[in-house]
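A.B. asks: The structure under discussion is supplied below as C-alpha cells; questions concerning it will follow.
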Amino acid sequence: MKLVTFDHGGHRIGVVVGDAIIDLSGVADIPQDMNALIAGWSSGVSEIVKQVVQHRQPDFGLQDVRLVAPIPRPGKLLGTGLNYADHVVESGLPFPESQIWFSMPASAVNGPQDDVQLPIVSNELDYEAELVFVIGQRCRHVPRERAPEVIFGYCAGNDFSVRDWQLRTSQVLLGKSFDGHAPFGPWIVTKDEIENPHDLGIRCFVNGEQRQASNTREMIFNCYDQIALLSQVMTLEPGDVVFTGTPAGVGLGYKPPKWLKVGDAVRVEIDEIGIIENTVVAEPRI
C-alpha cells in the first residue's frame, strides 16, 4: 500500500491507487495524521483502511493535489554517513569501522516535489539519493533478526548537503540541517510491498544527467543493522524517519565538484518505491 500526505485545503492523508488518491480524512476510526495512522496500524487500523480501499472510488487525481512529505513533522529525523563503499572512496575518507550518525531538525523536512533553496551563505549545495525507512512501532534494544518487524515502510529521499558547512568541523550537523534540505516521499510504501529493501536500484539525475546509479545491496550497514544499533541508544517511535546513506556520484566527488545551481532539477528514483524531484531556487533575502 502507498500512503500519502497531501495538501487540499489543508493536510490530508490518503492511499494512492494508480494515478489517484482515496482520501482517508474524516473516515471513522482512522487517525487523521500519518504519525497516528502508523501508530495504530497494527491495532486494527490497517484493516479499516483496506476496507475503505476496496469499497470506495478515488477522490482526487495525483495531478490535482500537492504532495507533502509523508510525515511532515517526524519525532526523529536521522541520517547515516559513509554507508556505501564507493562513496567512501570518492570522499577520500577512511573506511568506517562503525556506523556514523547525525540528526536533522524537523525544519529540514520537505515535500517530494517542493523547491529546495540554494542558501545565501553557500554555493556548495550537493545532492545525495537515499533510501529512507519509517519506524512503525515503539521499540528499544531490537535484535538485528527482529529489525524487519519494526519497520513500517520505505520512501525515496534526497539528503541535500551544504558541503562547506558540513566539512568545516568534525560535526556535520549544520551542513545537514538547512531548512527544507531533506525532501522524501513521494509516499510511504508499506513494507509488505517490498520483497527485499536491500536489493533496490537507486539513481539520481541532475537536469536529466545521471549522476548516481547503484543498488541498496551495496550498503555497508543495511537497514536492519541500523535499527539494531540505534535502538540500543534511543527509543524508536512510530513515524521516526531514517535516511540510510548515499552511493557514489555526489557532486563533491567530481573534479572539479559539480555543485547545484539555481534552476537545477534533481530527481531521485528508487525501484519499487517511486520518484521525487526537487528544483533548486535561490533563498530569498528577507
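By order in the C-alpha cells, chains are A, B, ...; within a chain, residues start at 1; ligands start at 1, following the order shown.
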What's the 8 Å shell around Asn215 (chain A), counting only C-alpha atoms, without same-chain residues fewer than 6 positions away, as a VMD selection string?
C.D. replies: chain A and resid 198 to 202
A.B. asks: Export, as an mmCIF file, in the first residue's frame, the selected residues with C-alpha atoms.
C.D. replies:
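The result, written out as selection_10.cif:
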```
data_model
loop_
_atom_site.group_PDB
_atom_site.id
_atom_site.type_symbol
_atom_site.label_atom_id
_atom_site.label_comp_id
_atom_site.auth_asym_id
_atom_site.auth_seq_id
_atom_site.Cartn_x
_atom_site.Cartn_y
_atom_site.Cartn_z
ATOM 1 C CA HIS A 198 18.356 -4.434 0.228
ATOM 2 C CA ASP A 199 18.045 -5.135 -3.499
ATOM 3 C CA LEU A 200 16.609 -1.928 -4.940
ATOM 4 C CA GLY A 201 18.090 0.137 -7.729
ATOM 5 C CA ILE A 202 18.760 3.736 -6.679
#
```
A.B. asks: Mind checking which residues fall within 9 Å of Pro96 (chain A), counting only C-alpha atoms, ignoring those fewer than 2 positions away in the same chain, and posting them as a VMD selection string?
C.D. replies: chain A and resid 82 to 83 88 93 to 94 98 to 100 220
A.B. asks: Just C-alpha atoms for this one: save the residues we selected as an mmCIF file, in the first residue's frame.
C.D. replies:
```cif
data_model
loop_
_atom_site.group_PDB
_atom_site.id
_atom_site.type_symbol
_atom_site.label_atom_id
_atom_site.label_comp_id
_atom_site.auth_asym_id
_atom_site.auth_seq_id
_atom_site.Cartn_x
_atom_site.Cartn_y
_atom_site.Cartn_z
ATOM 1 C CA LEU A 82 29.639 6.989 4.524
ATOM 2 C CA ASN A 83 27.416 3.943 4.143
ATOM 3 C CA VAL A 88 33.694 6.339 0.965
ATOM 4 C CA LEU A 93 37.938 9.290 3.938
ATOM 5 C CA PRO A 94 38.839 6.171 5.951
ATOM 6 C CA SER A 98 31.226 1.601 12.878
ATOM 7 C CA GLN A 99 28.088 3.438 11.861
ATOM 8 C CA ILE A 100 28.255 7.234 11.573
ATOM 9 C CA ILE A 220 27.902 -1.203 4.326
#
```
A.B. asks: Considering only C-alpha atoms, give me a table of residues in region 44-117 of chain A that are at most 9 Å from region 263-279 of chain A, with the closest atom pair and distance in Å for each, as CSV.
C.D. replies:
```
residue,atom,partner,partner_atom,distance
A:Gly111,CA,A:Asn278,CA,8.5
A:Pro112,CA,A:Ile276,CA,4.8
A:Gln113,CA,A:Asn278,CA,5.2
A:Asp114,CA,A:Asn278,CA,5.6
A:Asp115,CA,A:Thr279,CA,4.9
A:Val116,CA,A:Thr279,CA,6.0
A:Gln117,CA,A:Thr279,CA,8.4
```
A.B. asks: According to DSSP computed on the backbone, where in region 17-118 of chain A is there helix (DSSP H, G or I)? Give the residues as a ChimeraX atom specification.
C.D. replies: /A:34-43,45-55,62-64,85-91,106-108
A.B. asks: Give me the residues within 6 Å of region 131-143 of chain A as a list in words, counting only C-alpha atoms and dropping any in the same chain fewer than 5 places off.
C.D. replies: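 Close residues of region 131-143 of chain A: Ile38, Val150, Ile151, Phe152, Gly153, Tyr154, Cys155, Ala156, Gly157, Ala228, Ser231, Gln232, Thr235, Leu236, Glu237, Pro238, Gly239, Asp240, Val241, Val242, Phe243 and Thr244 of chain A.
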A.B. asks: Could you please take those selected residues and save N, CA and C atoms as a compact mmCIF listing (two decimals), in the first residue's frame?
C.D. replies:
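Saved to again24.txt:
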```
# COMPACT_ATOMS: atom_id res chain seq x y z
N ILE A 38 0.20 5.43 11.60
CA ILE A 38 1.25 4.41 11.72
C ILE A 38 1.19 3.76 13.09
N VAL A 150 9.93 -3.91 12.99
CA VAL A 150 9.64 -2.56 13.48
C VAL A 150 9.63 -1.52 12.36
N ILE A 151 9.94 -1.93 11.13
CA ILE A 151 9.86 -1.01 10.00
C ILE A 151 8.43 -0.96 9.49
N PHE A 152 7.93 0.25 9.27
CA PHE A 152 6.59 0.42 8.72
C PHE A 152 6.61 0.43 7.20
N GLY A 153 7.56 1.17 6.63
CA GLY A 153 7.61 1.26 5.18
C GLY A 153 8.82 2.07 4.72
N TYR A 154 8.85 2.33 3.41
CA TYR A 154 10.02 2.92 2.77
C TYR A 154 9.64 4.08 1.85
N CYS A 155 10.58 5.02 1.69
CA CYS A 155 10.41 6.17 0.82
C CYS A 155 11.72 6.39 0.05
N ALA A 156 11.65 7.29 -0.92
CA ALA A 156 12.85 7.82 -1.56
C ALA A 156 13.17 9.16 -0.91
N GLY A 157 14.46 9.45 -0.76
CA GLY A 157 14.85 10.71 -0.14
C GLY A 157 16.06 11.32 -0.81
N ALA A 228 19.26 -2.04 14.76
CA ALA A 228 19.86 -2.74 15.90
C ALA A 228 20.75 -1.80 16.70
N SER A 231 18.57 1.47 18.23
CA SER A 231 17.66 1.12 19.32
C SER A 231 18.39 0.78 20.62
N GLN A 232 19.71 0.63 20.55
CA GLN A 232 20.48 0.48 21.78
C GLN A 232 20.62 1.83 22.50
N THR A 235 14.89 5.14 22.21
CA THR A 235 13.62 4.51 21.90
C THR A 235 13.16 5.00 20.53
N LEU A 236 12.97 4.10 19.61
CA LEU A 236 12.44 4.44 18.31
C LEU A 236 10.92 4.40 18.38
N GLU A 237 10.28 5.35 17.71
CA GLU A 237 8.84 5.52 17.84
C GLU A 237 8.17 5.59 16.47
N PRO A 238 6.87 5.29 16.42
CA PRO A 238 6.17 5.33 15.13
C PRO A 238 6.31 6.69 14.46
N GLY A 239 6.69 6.66 13.20
CA GLY A 239 6.85 7.89 12.45
C GLY A 239 8.25 8.46 12.44
N ASP A 240 9.18 7.87 13.19
CA ASP A 240 10.57 8.28 13.09
C ASP A 240 11.08 7.97 11.68
N VAL A 241 11.91 8.85 11.14
CA VAL A 241 12.35 8.76 9.74
C VAL A 241 13.88 8.64 9.71
N VAL A 242 14.37 7.67 8.91
CA VAL A 242 15.80 7.40 8.85
C VAL A 242 16.28 7.41 7.40
N PHE A 243 17.25 8.29 7.11
CA PHE A 243 17.94 8.32 5.83
C PHE A 243 19.14 7.38 5.93
N THR A 244 19.32 6.49 4.95
CA THR A 244 20.23 5.35 5.11
C THR A 244 21.58 5.48 4.41
```
A.B. asks: Identify all residues of region 96-282 of chain A in strand (DSSP E or B) (DSSP on the backbone) and supply them as a PyMOL selection string.
C.D. replies: chain A and resi 100-103+109-110+116-118+125-126+129-135+139+151-158+161-162+182-190+201-206+209-215+219+236+241-243+265-270+274-282
A.B. asks: I need the residue nearest Lys76 (chain A) from this list: A:Ala28, A:Asp225, A:Leu230, A:Glu130. Use only C-alpha atoms for the distance.
C.D. replies: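 Comparing A:Ala28, A:Asp225, A:Leu230, A:Glu130 against Lys76 (chain A), the winner is A:Leu230.
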A.B. asks: Fewer than 2 positions away in the same chain doesn't count, so skip those; otherwise give me all residues within 12 Å of Gly92 (chain A), counting only C-alpha atoms, as a list in words.
C.D. replies: Leu82, Ala85, Asp86, His87, Val88, Val89, Glu90, Pro94, Phe95, Pro96, Ala248, Leu252, Gly253 and Tyr254 of chain A
A.B. asks: Kindly save the residues from that selection, with N, CA and C atoms included, as a short mmCIF file (atom, residue, chain, number, x, y, z; two decimals), in the first residue's frame.
C.D. replies:
```
data_model
loop_
_atom_site.label_atom_id
_atom_site.label_comp_id
_atom_site.auth_asym_id
_atom_site.auth_seq_id
_atom_site.Cartn_x
_atom_site.Cartn_y
_atom_site.Cartn_z
N LEU A 82 28.62 7.91 5.01
CA LEU A 82 29.64 6.99 4.52
C LEU A 82 29.17 5.54 4.60
N ALA A 85 30.39 1.79 0.05
CA ALA A 85 31.85 1.73 -0.08
C ALA A 85 32.37 2.66 -1.17
N ASP A 86 31.67 2.73 -2.32
CA ASP A 86 32.17 3.57 -3.40
C ASP A 86 32.09 5.05 -3.03
N HIS A 87 31.13 5.43 -2.18
CA HIS A 87 31.04 6.81 -1.72
C HIS A 87 32.17 7.13 -0.74
N VAL A 88 32.55 6.14 0.07
CA VAL A 88 33.69 6.34 0.97
C VAL A 88 34.94 6.63 0.15
N VAL A 89 35.14 5.86 -0.92
CA VAL A 89 36.32 6.04 -1.77
C VAL A 89 36.34 7.43 -2.39
N GLU A 90 35.20 7.86 -2.96
CA GLU A 90 35.19 9.17 -3.62
C GLU A 90 35.34 10.31 -2.61
N PRO A 94 38.61 7.56 5.53
CA PRO A 94 38.84 6.17 5.95
C PRO A 94 37.55 5.37 5.93
N PHE A 95 37.66 4.09 5.65
CA PHE A 95 36.51 3.19 5.67
C PHE A 95 35.97 3.11 7.10
N PRO A 96 34.68 3.33 7.31
CA PRO A 96 34.15 3.37 8.68
C PRO A 96 34.16 2.00 9.34
N ALA A 248 28.08 6.44 -4.50
CA ALA A 248 29.00 7.35 -5.20
C ALA A 248 28.26 8.15 -6.27
N LEU A 252 30.35 16.49 -4.90
CA LEU A 252 31.66 16.65 -4.27
C LEU A 252 32.70 15.71 -4.87
N GLY A 253 32.25 14.56 -5.39
CA GLY A 253 33.17 13.55 -5.88
C GLY A 253 33.76 13.86 -7.24
N TYR A 254 33.23 14.85 -7.95
CA TYR A 254 33.75 15.20 -9.27
C TYR A 254 34.93 16.16 -9.14
#
```
A.B. asks: Between A:Ala147, A:Asp7, A:Met104, A:Arg73, which has the minimum distance to Leu173 (chain A) (counting only C-alpha atoms)?
C.D. replies: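 Looking at the shortest contact to Leu173 (chain A), the residue is A:Met104.
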A.B. asks: Return the single residue from A:Ala182, A:Ala36, A:Ala129, A:Val15 that is closest to Thr216 (chain A), with distances computed using only C-alpha atoms.
C.D. replies: A:Ala129
A.B. asks: I need the residue nearest Val250 (chain A) from this list: A:Trp41, A:Phe160, A:Trp165, A:Phe6. Use only C-alpha atoms for the distance.
C.D. replies: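 Using only C-alpha atoms, Val250 (chain A) sits closest to A:Phe160.
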A.B. asks: For Pro284 (chain A), list every protein, DNA or RNA residue within 12 Å, evaluated using only C-alpha atoms, and leave out those in the same chain fewer than 4 positions away; present the list as an NGL selection string.
C.D. replies: :A and (116-121 or 262)
A.B. asks: Just write the chosen residues, N, CA and C atoms, as a JSON list (two decimals), in the first residue's frame.
C.D. replies:
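again-v8.json was written with the following content:
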```json
[["chain", "number", "residue", "atom", "x", "y", "z"],
["A", 116, "VAL", "N", 13.89, 23.41, -3.38],
["A", 116, "VAL", "CA", 14.96, 23.36, -2.38],
["A", 116, "VAL", "C", 15.82, 24.61, -2.58],
["A", 117, "GLN", "N", 16.11, 25.30, -1.49],
["A", 117, "GLN", "CA", 16.80, 26.58, -1.59],
["A", 117, "GLN", "C", 18.32, 26.43, -1.63],
["A", 118, "LEU", "N", 18.94, 27.17, -2.55],
["A", 118, "LEU", "CA", 20.38, 27.37, -2.51],
["A", 118, "LEU", "C", 20.64, 28.45, -1.46],
["A", 119, "PRO", "N", 21.36, 28.13, -0.39],
["A", 119, "PRO", "CA", 21.48, 29.08, 0.71],
["A", 119, "PRO", "C", 22.21, 30.36, 0.31],
["A", 120, "ILE", "N", 21.84, 31.44, 0.97],
["A", 120, "ILE", "CA", 22.54, 32.70, 0.78],
["A", 120, "ILE", "C", 24.01, 32.55, 1.18],
["A", 121, "VAL", "N", 24.28, 31.71, 2.19],
["A", 121, "VAL", "CA", 25.61, 31.65, 2.80],
["A", 121, "VAL", "C", 26.54, 30.64, 2.14],
["A", 262, "VAL", "N", 20.97, 27.37, -9.10],
["A", 262, "VAL", "CA", 19.57, 27.77, -9.22],
["A", 262, "VAL", "C", 19.03, 27.30, -10.56]]
```
A.B. asks: I'd like a table as JSON lines: residues in region 26-74 of chain A with an atom no more than 10 Å from region 184-193 of chain A, each row giving the shortest atom pair and its distance in Å to one decimal, only C-alpha atoms counted, sorted by chain and rising residue number.
C.D. replies:
```
{"residue": "A:Met34", "atom": "CA", "partner": "A:Ile188", "partner_atom": "CA", "distance": 9.9}
{"residue": "A:Leu67", "atom": "CA", "partner": "A:Pro186", "partner_atom": "CA", "distance": 7.0}
{"residue": "A:Val68", "atom": "CA", "partner": "A:Pro186", "partner_atom": "CA", "distance": 7.8}
{"residue": "A:Ala69", "atom": "CA", "partner": "A:Gly185", "partner_atom": "CA", "distance": 5.8}
{"residue": "A:Pro70", "atom": "CA", "partner": "A:Trp187", "partner_atom": "CA", "distance": 5.6}
{"residue": "A:Ile71", "atom": "CA", "partner": "A:Gly185", "partner_atom": "CA", "distance": 8.8}
{"residue": "A:Pro72", "atom": "CA", "partner": "A:Phe184", "partner_atom": "CA", "distance": 9.8}
```
A.B. asks: Considering only C-alpha atoms, state which residue in the set A:Ser25, A:Ser161, A:Ser214, A:Asn222 is at the smallest distance from Lys176 (chain A).
C.D. replies: A:Ser161
A.B. asks: Ranking A:Pro74, A:Gly180, A:Pro247, A:Gly14 by minimum distance to Gly61 (chain A) and counting only C-alpha atoms, which one comes first?
C.D. replies: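 For Gly61 (chain A), the nearest of the candidates is A:Gly14.
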